[in-house]
Every structure is written in C-alpha cells, then in structure tokens.
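Here's structure_28.cif, which has mmCIF, C-alpha atoms:
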data_data
loop_
_atom_site.label_atom_id
_atom_site.label_comp_id
_atom_site.auth_asym_id
_atom_site.auth_seq_id
_atom_site.Cartn_x
_atom_site.Cartn_y
_atom_site.Cartn_z
CA MET A 1 91.89 95.31 76.59
CA SER A 2 92.51 96.62 73.06
CA ASN A 3 91.15 99.94 74.20
CA LEU A 4 93.66 100.06 77.06
CA ASP A 5 96.48 99.38 74.59
CA ALA A 6 95.23 102.27 72.47
CA THR A 7 95.10 104.46 75.58
CA PHE A 8 98.69 103.61 76.49
CA SER A 9 100.11 104.30 73.05
CA ALA A 10 98.06 107.48 72.80
CA LEU A 11 99.50 108.70 76.11
CA ALA A 12 103.08 107.66 75.29
CA ASP A 13 103.57 110.79 73.16
CA PRO A 14 104.37 114.06 74.96
CA THR A 15 102.56 116.20 72.35
CA ARG A 16 99.39 114.18 72.83
CA ARG A 17 99.67 114.50 76.60
CA ALA A 18 100.08 118.27 76.17
CA ILE A 19 97.01 118.35 73.88
CA LEU A 20 95.03 116.59 76.62
CA ALA A 21 96.30 119.15 79.13
CA ARG A 22 95.09 121.97 76.88
CA LEU A 23 91.71 120.28 76.42
CA ALA A 24 91.42 119.89 80.20
CA LEU A 25 90.94 123.68 80.17
CA GLY A 26 88.08 123.46 77.67
CA GLU A 27 87.04 122.74 74.10
CA ALA A 28 89.42 123.81 71.32
CA THR A 29 89.64 123.75 67.53
CA VAL A 30 92.55 122.27 65.54
CA MET A 31 93.74 125.81 64.79
CA GLU A 32 93.74 126.74 68.49
CA LEU A 33 95.63 123.56 69.33
CA ALA A 34 98.23 123.95 66.56
CA GLU A 35 99.30 127.43 67.67
CA PRO A 36 101.04 126.77 71.05
CA PHE A 37 102.72 123.60 69.77
CA ASP A 38 104.33 125.22 66.75
CA MET A 39 103.04 122.35 64.61
CA THR A 40 101.16 122.24 61.34
CA GLN A 41 97.43 121.57 61.40
CA PRO A 42 97.81 118.21 59.57
CA ALA A 43 100.35 117.09 62.22
CA ILE A 44 97.95 118.08 65.02
CA SER A 45 95.10 116.34 63.17
CA ARG A 46 97.08 113.10 63.13
CA HIS A 47 97.58 113.30 66.90
CA LEU A 48 93.87 114.06 67.36
CA LYS A 49 92.96 110.99 65.32
CA VAL A 50 95.05 108.81 67.67
CA LEU A 51 93.47 110.41 70.75
CA GLU A 52 89.99 109.99 69.28
CA GLY A 53 90.73 106.34 68.41
CA ALA A 54 91.76 105.75 72.03
CA GLY A 55 88.50 107.26 73.25
CA LEU A 56 90.31 110.08 75.06
CA ILE A 57 88.68 112.93 73.11
CA THR A 58 85.44 113.48 71.26
CA ARG A 59 84.82 115.84 68.33
CA ARG A 60 81.66 117.50 67.14
CA VAL A 61 80.82 119.21 63.87
CA GLU A 62 80.25 122.96 63.89
CA GLY A 63 80.09 124.25 60.32
CA THR A 64 83.52 123.59 58.82
CA LYS A 65 85.13 123.23 62.24
CA ARG A 66 85.37 120.10 64.36
CA PRO A 67 86.10 121.27 67.91
CA CYS A 68 87.63 118.70 70.30
CA ARG A 69 86.94 118.10 73.93
CA LEU A 70 88.18 115.72 76.59
CA ALA A 71 86.13 112.51 76.73
CA PRO A 72 84.81 111.43 80.15
CA ALA A 73 87.09 108.37 79.82
CA ALA A 74 90.19 110.61 79.83
CA VAL A 75 88.99 112.42 82.94
CA ASN A 76 88.41 109.03 84.58
CA GLU A 77 91.93 107.90 83.67
CA ILE A 78 93.40 110.97 85.36
CA ASP A 79 91.18 110.49 88.43
CA GLN A 80 92.22 106.85 88.50
CA TRP A 81 95.88 107.83 88.42
CA LEU A 82 95.38 110.33 91.25
CA GLY A 83 93.78 107.46 93.17
CA MET A 84 96.85 105.31 92.52
CA LEU A 85 99.24 108.09 93.54
CA ARG A 86 97.21 108.45 96.72
CA LYS A 87 97.46 104.70 97.33
CA ALA A 88 101.22 104.54 96.65
CA LEU A 89 101.91 107.54 98.92
CA SER A 90 99.65 106.15 101.64
CA ALA A 91 101.56 102.84 101.51
CA ASN A 92 104.85 104.78 101.76
CA TYR A 93 103.72 106.79 104.77
CA ASP A 94 102.31 103.70 106.51
CA ARG A 95 105.77 102.17 106.11
CA LEU A 96 107.30 105.42 107.40
CA ASP A 97 105.15 105.08 110.55
CA ASP A 98 106.88 101.73 111.18
CA VAL A 99 110.33 103.24 110.51
CA LEU A 100 109.60 106.07 112.98
CA ALA A 101 108.35 103.61 115.61
CA ALA A 102 111.57 101.59 115.21
CA MET A 103 113.69 104.78 115.54
CA LYS A 104 111.86 105.61 118.77
CA ALA A 105 112.42 102.09 120.12
CA GLU A 106 116.17 102.34 119.43
CA LYS A 107 116.55 105.38 121.66
CA MET B 1 95.33 106.58 112.50
CA SER B 2 96.21 109.88 110.87
CA LYS B 3 94.91 110.08 107.33
CA MET B 4 96.74 111.49 104.36
CA THR B 5 95.19 114.15 102.16
CA LEU B 6 96.12 114.74 98.52
CA LYS B 7 94.61 117.53 96.49
CA THR B 8 95.32 119.53 93.39
CA GLU B 9 95.48 123.29 93.88
CA GLY B 10 95.11 125.78 91.04
CA ASP B 11 96.42 124.20 87.86
CA ARG B 12 100.09 123.73 88.83
CA HIS B 13 100.11 122.32 92.35
CA VAL B 14 99.63 119.01 94.10
CA VAL B 15 99.49 119.25 97.92
CA VAL B 16 99.88 116.27 100.25
CA THR B 17 99.50 116.37 104.05
CA ARG B 18 100.11 113.62 106.60
CA ARG B 19 100.44 113.39 110.40
CA PHE B 20 103.10 111.26 112.07
CA ALA B 21 103.37 110.04 115.65
CA ALA B 22 107.01 111.14 115.96
CA ALA B 23 108.85 114.42 116.49
CA PRO B 24 109.83 116.56 113.45
CA GLU B 25 113.48 115.62 113.96
CA ALA B 26 112.76 111.92 113.35
CA VAL B 27 110.48 112.58 110.34
CA TYR B 28 113.07 114.93 108.84
CA ARG B 29 115.84 112.33 109.32
CA ALA B 30 113.66 109.66 107.67
CA HIS B 31 113.46 111.98 104.62
CA THR B 32 117.21 112.72 104.40
CA GLU B 33 119.15 109.62 105.58
CA PRO B 34 119.50 107.02 102.77
CA ALA B 35 119.40 103.97 105.09
CA LEU B 36 116.03 105.18 106.41
CA ILE B 37 114.62 106.37 103.04
CA GLN B 38 115.26 102.92 101.50
CA LYS B 39 112.93 101.38 104.08
CA TRP B 40 109.80 103.30 103.13
CA LEU B 41 109.98 105.37 99.90
CA LEU B 42 109.03 102.43 97.71
CA GLY B 43 105.61 103.00 96.10
CA PRO B 44 103.56 99.96 95.07
CA ASP B 45 104.14 96.50 96.58
CA GLY B 46 107.13 94.62 95.25
CA TRP B 47 109.32 97.64 94.46
CA THR B 48 112.69 98.24 96.14
CA MET B 49 115.21 101.09 96.02
CA PRO B 50 118.70 99.59 95.50
CA VAL B 51 120.32 103.01 94.86
CA CYS B 52 119.68 105.95 97.18
CA VAL B 53 121.80 109.12 97.10
CA ASN B 54 120.64 111.97 99.32
CA GLU B 55 123.19 114.73 99.98
CA ALA B 56 121.31 116.80 102.54
CA ARG B 57 122.89 120.22 101.95
CA PRO B 58 122.07 123.12 99.59
CA GLY B 59 123.11 122.04 96.08
CA GLY B 60 123.34 118.41 97.24
CA ARG B 61 122.33 115.68 94.80
CA ILE B 62 119.39 113.31 95.04
CA ARG B 63 119.17 110.06 93.10
CA TYR B 64 116.65 107.31 93.78
CA GLU B 65 116.52 104.15 91.64
CA TRP B 66 113.64 101.71 91.91
CA VAL B 67 113.26 98.19 90.51
CA ASN B 68 110.41 95.69 90.78
CA GLY B 69 112.44 92.48 90.43
CA GLU B 70 110.76 91.73 87.11
CA GLY B 71 112.95 93.85 84.88
CA ALA B 72 111.03 97.11 85.28
CA GLY B 73 112.67 100.16 86.80
CA PHE B 74 112.96 103.93 86.74
CA TYR B 75 114.84 106.62 88.61
CA VAL B 76 114.51 110.14 89.94
CA THR B 77 117.29 112.74 90.09
CA GLY B 78 117.19 116.06 91.89
CA GLU B 79 119.03 118.78 93.77
CA TYR B 80 118.45 120.41 97.14
CA ILE B 81 117.79 124.14 97.19
CA GLU B 82 117.14 124.86 100.86
CA LEU B 83 117.30 122.88 104.10
CA VAL B 84 116.25 124.03 107.57
CA PRO B 85 117.15 121.14 109.87
CA PHE B 86 114.13 119.33 111.19
CA SER B 87 111.56 121.76 109.75
CA ARG B 88 111.88 122.36 106.00
CA LEU B 89 113.22 120.81 102.77
CA VAL B 90 113.09 122.41 99.32
CA HIS B 91 114.30 120.50 96.28
CA VAL B 92 113.67 119.97 92.58
CA GLU B 93 113.30 116.52 91.06
CA ARG B 94 112.54 114.89 87.75
CA MET B 95 111.57 111.37 86.81
CA HIS B 96 113.47 109.42 84.14
CA MET B 97 111.35 106.80 82.39
CA PRO B 98 113.82 106.94 80.63
CA ASP B 99 113.08 110.42 79.20
CA ALA B 100 113.25 113.12 81.86
CA THR B 101 109.98 114.74 82.92
CA PRO B 102 110.03 118.53 83.49
CA ASP B 103 111.27 119.65 86.92
CA ASN B 104 108.94 119.21 89.84
CA HIS B 105 109.64 121.79 92.59
CA VAL B 106 108.90 120.28 96.00
CA GLU B 107 108.60 122.04 99.36
CA THR B 108 108.23 119.80 102.41
CA ASN B 109 107.50 121.31 105.84
CA PHE B 110 107.53 119.48 109.17
CA VAL B 111 105.58 121.26 111.91
CA PRO B 112 105.26 120.05 115.54
CA ASP B 113 101.72 118.84 116.19
CA GLY B 114 101.19 117.82 119.81
CA THR B 115 103.73 115.05 120.36
CA GLY B 116 103.83 114.34 116.63
CA THR B 117 104.45 116.08 113.32
CA LEU B 118 102.25 117.51 110.60
CA MET B 119 103.99 117.20 107.23
CA THR B 120 102.89 119.27 104.24
CA MET B 121 104.42 118.53 100.83
CA ARG B 122 103.66 121.00 98.09
CA MET B 123 104.65 120.12 94.52
CA THR B 124 104.78 122.87 91.90
CA LEU B 125 104.94 122.05 88.20
CA PRO B 126 106.03 124.64 85.59
CA ASP B 127 102.55 124.74 84.04
CA ALA B 128 99.22 122.96 83.79
CA ALA B 129 100.36 120.94 80.77
CA THR B 130 103.31 119.58 82.73
CA ARG B 131 101.08 118.54 85.59
CA THR B 132 98.87 116.61 83.22
CA ALA B 133 101.98 115.15 81.56
CA MET B 134 103.29 114.10 84.97
CA LEU B 135 99.94 112.62 85.82
CA SER B 136 99.71 110.67 82.56
CA THR B 137 103.34 109.48 82.80
CA GLY B 138 102.75 108.30 86.34
CA MET B 139 99.48 106.79 85.24
CA GLU B 140 101.29 104.42 82.90
CA HIS B 141 103.65 103.46 85.69
CA GLY B 142 100.77 103.00 88.12
CA MET B 143 98.83 100.94 85.59
CA GLU B 144 101.89 98.74 85.02
CA ALA B 145 102.16 98.15 88.77
CA SER B 146 98.52 97.18 88.95
CA TYR B 147 98.91 94.80 86.00
CA VAL B 148 101.78 93.14 87.86
CA ARG B 149 99.55 92.84 90.94
CA LEU B 150 96.72 91.50 88.82
CA GLU B 151 99.02 88.84 87.36
CA THR B 152 100.04 87.79 90.85
CA THR B 153 96.41 87.57 91.91
CA LEU B 154 95.51 85.48 88.89
CA LYS B 155 98.35 82.96 89.40
#
Rewrite the coordinates I just gave you, this time as structure tokens.
Amino acid sequence: MSNLDATFSALADPTRRAILARLALGEATVMELAEPFDMTQPAISRHLKVLEGAGLITRRVEGTKRPCRLAPAAVNEIDQWLGMLRKALSANYDRLDDVLAAMKAEK
Amino acid sequence: MSKMTLKTEGDRHVVVTRRFAAAPEAVYRAHTEPALIQKWLLGPDGWTMPVCVNEARPGGRIRYEWVNGEGAGFYVTGEYIELVPFSRLVHVERMHMPDATPDNHVETNFVPDGTGTLMTMRMTLPDAATRTAMLSTGMEHGMEASYVRLETTLK
C-alpha cells in the first residue's frame, strides 16, 4: 500500500506527469528532460527522485550520465487506467441502451 | 450485444466506437438533452450527476457535475463548436479536479447502421504529454472509485 501512496503523490504533480509522458517516447537524460520544461537540472533531478522512489522510472549509469526510462510498473498503471476508462464508458453505454429502449417504448 | 472499442491512435488521440439499437436521432438526443444525459453519463457505480447544463447550439455551454455521495466530486466544462442534428457533435471540454486539465477536443459522429446507430467518438489532445497527463489524472480518479468499491466489498 505504501507504494501506491508513493505512486499517487508522484502523479499528483503536473511536471512529473509530463516527465512520464516524455519518457513514454523513450529513454532520456536529465539534460534532455530539463530543456522542454524550462527548469534547472537540480529541479528536474528532484522530480526524478520522487518518480524513482515511486517505482515509476528506473535509471542506469552510463559514464557520468544516468539516463531514465519508464519502469514497467508505470506502463502497467497507464494500461490499468485505460482498462478502467473502458469499464466506466462501457457501463455508461450499457445504461444508455436502457435509456434508448425506454425512449422507444414511450413512442 | 454490441461491444465497445477503445483505442489510442497516434500519440494524441483516443477513439471509442459503440453500436446502439436505436436510430441516430434518439442517440443524438440522449447526448444533448440534460434529462436524458443525467440517466446514463455517470461513470463508476455510485456516482450521480446533480448538475447538467447542455446548450446544444454552436458556442453553447456544457457543464457536468458529478458526486459520489461520500464527499468526492468533480466537474467538466466545455463549449460546442459544431452541431449537425442527429449526425454530428463537435465540442471541447476540460476536467476540473479542481485544477483544469488542458482542452480535450471531441468529435462524436452518429451513423445509421441497419436499424441502429454506429457512434464514433474521437478525442484529440493538444500533445502526447497532455494525453498522458489526462490518463494519469483520470487514473487517480479511477483508482479512488475502485477503492470506494473495495471498501464496500469489504464491509
């Protein structure tokens, strides 16, 4: 459960969500991530630490660089959400079937 | 009966299709008349829509407010761009949780399909980052709903 709490607070920040979106396109270094966000590298590093702590990204060592990539857990979270959206929409449209049937009956 | 499909397309689109056993006119009305919308556009179990504004004309306002009876709630605001009676709706919308998400551009088409209707809803987000942001924002909401369900199950 503590990991879910960490996931929620990690995702509560729009910059961190945008970082995840960028990483969904592929691995990136801190420098590459800092550029589009108009933020300093230390500020980006702090966000990365939170994301790493929540298990949403992983980092590897490559010389002096530590490129980041999306962790499988983050991909699963997104898939899970798509599954929930699918479920919520399906429930809506099943209800709409009933509404349409009632409209037909009223005629 | 008819199954719904939901897929992502490119990096900015989410496309949903669904068949209905009613004519396009009825499906279109169920998307534009508040008294009808409040009966089905509810999401997870336990949620209701006490406020529903839907001004079905170009420039008309949209406002949907949902609550779950346990203190949680959020709302969507939007504006209509184009309406072709009984066949097409184009609008923009944003979710407030309470911060507004970037605009989601939504095109909904209703095409006759035998005696029924094939609906295609195509959502376009400004960029890939926004789509992921929308997905992660919705994810928190969805997770909350499932926690509520879990609590009910455990009682």
Next on the checklist: Env of Arg18 (chain B): 7 Å cut, atoms = all atoms listed in the file, seq-sep filter 5 positions within chain, self excluded. Answer as a list in words.
Outcome noted: Ser2, Lys3, Met4, Thr5, Leu118, Met119 and Thr120 of chain B
Checklist entry - Mind pulling up the distance from CA of Asn68 (chain B) to CA of Ala26 (chain B)? => result 27.9 Å
What are the residues of chain A that have an atom within 6 Å of an atom of chain B, counting only C-alpha atoms, as a PDB file with C-alpha atoms, in the coordinates of the input?
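The result, written out as iface-v3.pdb:
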ATOM      1  CA  ARG A  17      99.670 114.500  76.600  1.00  0.00           C
ATOM      2  CA  ALA A  18     100.080 118.270  76.170  1.00  0.00           C
ATOM      3  CA  ALA A  21      96.300 119.150  79.130  1.00  0.00           C
ATOM      4  CA  TRP A  81      95.880 107.830  88.420  1.00  0.00           C
ATOM      5  CA  ALA A  88     101.220 104.540  96.650  1.00  0.00           C
ATOM      6  CA  ASN A  92     104.850 104.780 101.760  1.00  0.00           C
ATOM      7  CA  ARG A  95     105.770 102.170 106.110  1.00  0.00           C
ATOM      8  CA  LEU A  96     107.300 105.420 107.400  1.00  0.00           C
TER       9      LEU A  96
END
Checklist entry - Applied to this file, what does the PyMOL selection byres ((chain B and resi 34) around 7) return in terms of residues, put as a ChimeraX atom specification? => result /B:32-33,35-38,52-54
Checklist entry - Interatomic distance between CA of Pro50 (chain B) and CA of Thr77 (chain B)? => result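 Result for CA of Pro50 (chain B) versus CA of Thr77 (chain B): 14.3 Å, one decimal.
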Next on the checklist: Give me the residues near region 84-91 of chain B as a list in words, where near means some atom within 9 Å (using all atoms listed in the file) and where sequence neighbours in that chain fewer than 4 positions away do not count.
Outcome noted: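 In the requested format, the answer is Ala23, Pro24, Glu25, Ala26, Val27, Tyr28, Arg29, Pro58, Gly59, Ile62, Gly78, Glu79, Tyr80, Asn104, His105, Val106, Glu107, Thr108, Asn109, Phe110, Val111 and Pro112 of chain B.
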Item to check | Spatial neighbours of region 35-48 of chain A, max dist 12 Å, only C-alpha atoms, sep filter under 4 positions, as a ChimeraX atom specification | outcome: /A:9-20,22-23,28-31,52-59,66-70 /B:129
Any chance you could work out the axis-aligned box around region 37-52 of chain A, listed atoms only, 6 Å on each side, giving centre and edge lengths in Å to one decimal, as JSON?
{"center_x": 97.2, "center_y": 117.0, "center_z": 65.2, "size_x": 26.3, "size_y": 28.4, "size_z": 23.2}
Item to check | Closest of B:Ile81, B:Trp47, B:Gly114, B:Gly73 to Ala91 (chain A) - atom-to-atom distances counting only C-alpha atoms | outcome: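 For Ala91 (chain A), the nearest of the given residues is B:Trp47.
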Checklist entry - the PyMOL selection byres ((chain B and resi 75) around 7) on the file shown: which residues, as a PyMOL selection string? => result chain B and resi 64-66+74+76-77+95-96
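Counting from CA of Gly46 (chain B), the distance to CA of Gly71 (chain B) is 11.9 Å.
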What would region 33-56 of chain A look like with N, CA and C atoms in place, written as an mmCIF file, in the frame of the given file?
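Below you can see out21.cif, which holds the result:
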data_model
loop_
_atom_site.group_PDB
_atom_site.id
_atom_site.type_symbol
_atom_site.label_atom_id
_atom_site.label_comp_id
_atom_site.auth_asym_id
_atom_site.auth_seq_id
_atom_site.Cartn_x
_atom_site.Cartn_y
_atom_site.Cartn_z
ATOM 1 N N LEU A 33 94.687 124.528 68.768
ATOM 2 C CA LEU A 33 95.630 123.560 69.330
ATOM 3 C C LEU A 33 96.990 123.647 68.646
ATOM 4 N N ALA A 34 96.980 123.925 67.336
ATOM 5 C CA ALA A 34 98.230 123.950 66.560
ATOM 6 C C ALA A 34 99.133 125.103 66.996
ATOM 7 N N GLU A 35 98.527 126.216 67.363
ATOM 8 C CA GLU A 35 99.300 127.430 67.670
ATOM 9 C C GLU A 35 100.376 127.264 68.757
ATOM 10 N N PRO A 36 100.000 126.846 70.003
ATOM 11 C CA PRO A 36 101.040 126.770 71.050
ATOM 12 C C PRO A 36 102.085 125.699 70.793
ATOM 13 N N PHE A 37 101.782 124.699 69.971
ATOM 14 C CA PHE A 37 102.720 123.600 69.770
ATOM 15 C C PHE A 37 103.662 123.830 68.603
ATOM 16 N N ASP A 38 103.457 124.943 67.869
ATOM 17 C CA ASP A 38 104.330 125.220 66.750
ATOM 18 C C ASP A 38 104.337 124.025 65.783
ATOM 19 N N MET A 39 103.157 123.493 65.520
ATOM 20 C CA MET A 39 103.040 122.350 64.610
ATOM 21 C C MET A 39 102.024 122.708 63.530
ATOM 22 N N THR A 40 102.113 121.996 62.404
ATOM 23 C CA THR A 40 101.160 122.240 61.340
ATOM 24 C C THR A 40 99.818 121.628 61.721
ATOM 25 N N GLN A 41 98.740 122.123 61.103
ATOM 26 C CA GLN A 41 97.430 121.570 61.400
ATOM 27 C C GLN A 41 97.309 120.088 61.031
ATOM 28 N N PRO A 42 97.889 119.654 59.868
ATOM 29 C CA PRO A 42 97.810 118.210 59.570
ATOM 30 C C PRO A 42 98.497 117.359 60.645
ATOM 31 N N ALA A 43 99.633 117.856 61.183
ATOM 32 C CA ALA A 43 100.350 117.090 62.220
ATOM 33 C C ALA A 43 99.477 116.983 63.467
ATOM 34 N N ILE A 44 98.850 118.096 63.858
ATOM 35 C CA ILE A 44 97.950 118.080 65.020
ATOM 36 C C ILE A 44 96.774 117.138 64.751
ATOM 37 N N SER A 45 96.245 117.194 63.524
ATOM 38 C CA SER A 45 95.100 116.340 63.170
ATOM 39 C C SER A 45 95.433 114.867 63.325
ATOM 40 N N ARG A 46 96.674 114.513 62.974
ATOM 41 C CA ARG A 46 97.080 113.100 63.130
ATOM 42 C C ARG A 46 97.063 112.700 64.601
ATOM 43 N N HIS A 47 97.586 113.595 65.462
ATOM 44 C CA HIS A 47 97.580 113.300 66.900
ATOM 45 C C HIS A 47 96.138 113.181 67.415
ATOM 46 N N LEU A 48 95.269 114.070 66.911
ATOM 47 C CA LEU A 48 93.870 114.060 67.360
ATOM 48 C C LEU A 48 93.191 112.747 66.967
ATOM 49 N N LYS A 49 93.549 112.248 65.790
ATOM 50 C CA LYS A 49 92.960 110.990 65.320
ATOM 51 C C LYS A 49 93.324 109.856 66.277
ATOM 52 N N VAL A 50 94.591 109.849 66.728
ATOM 53 C CA VAL A 50 95.050 108.810 67.670
ATOM 54 C C VAL A 50 94.287 108.935 68.999
ATOM 55 N N LEU A 51 94.157 110.182 69.476
ATOM 56 C CA LEU A 51 93.470 110.410 70.750
ATOM 57 C C LEU A 51 91.992 110.016 70.655
ATOM 58 N N GLU A 52 91.404 110.322 69.494
ATOM 59 C CA GLU A 52 89.990 109.990 69.280
ATOM 60 C C GLU A 52 89.822 108.474 69.228
ATOM 61 N N GLY A 53 90.766 107.799 68.530
ATOM 62 C CA GLY A 53 90.730 106.340 68.410
ATOM 63 C C GLY A 53 90.844 105.656 69.773
ATOM 64 N N ALA A 54 91.563 106.315 70.690
ATOM 65 C CA ALA A 54 91.760 105.750 72.030
ATOM 66 C C ALA A 54 90.609 106.116 72.965
ATOM 67 N N GLY A 55 89.652 106.879 72.433
ATOM 68 C CA GLY A 55 88.500 107.260 73.250
ATOM 69 C C GLY A 55 88.802 108.337 74.275
ATOM 70 N N LEU A 56 89.931 109.055 74.072
ATOM 71 C CA LEU A 56 90.310 110.080 75.060
ATOM 72 C C LEU A 56 89.703 111.441 74.749
#
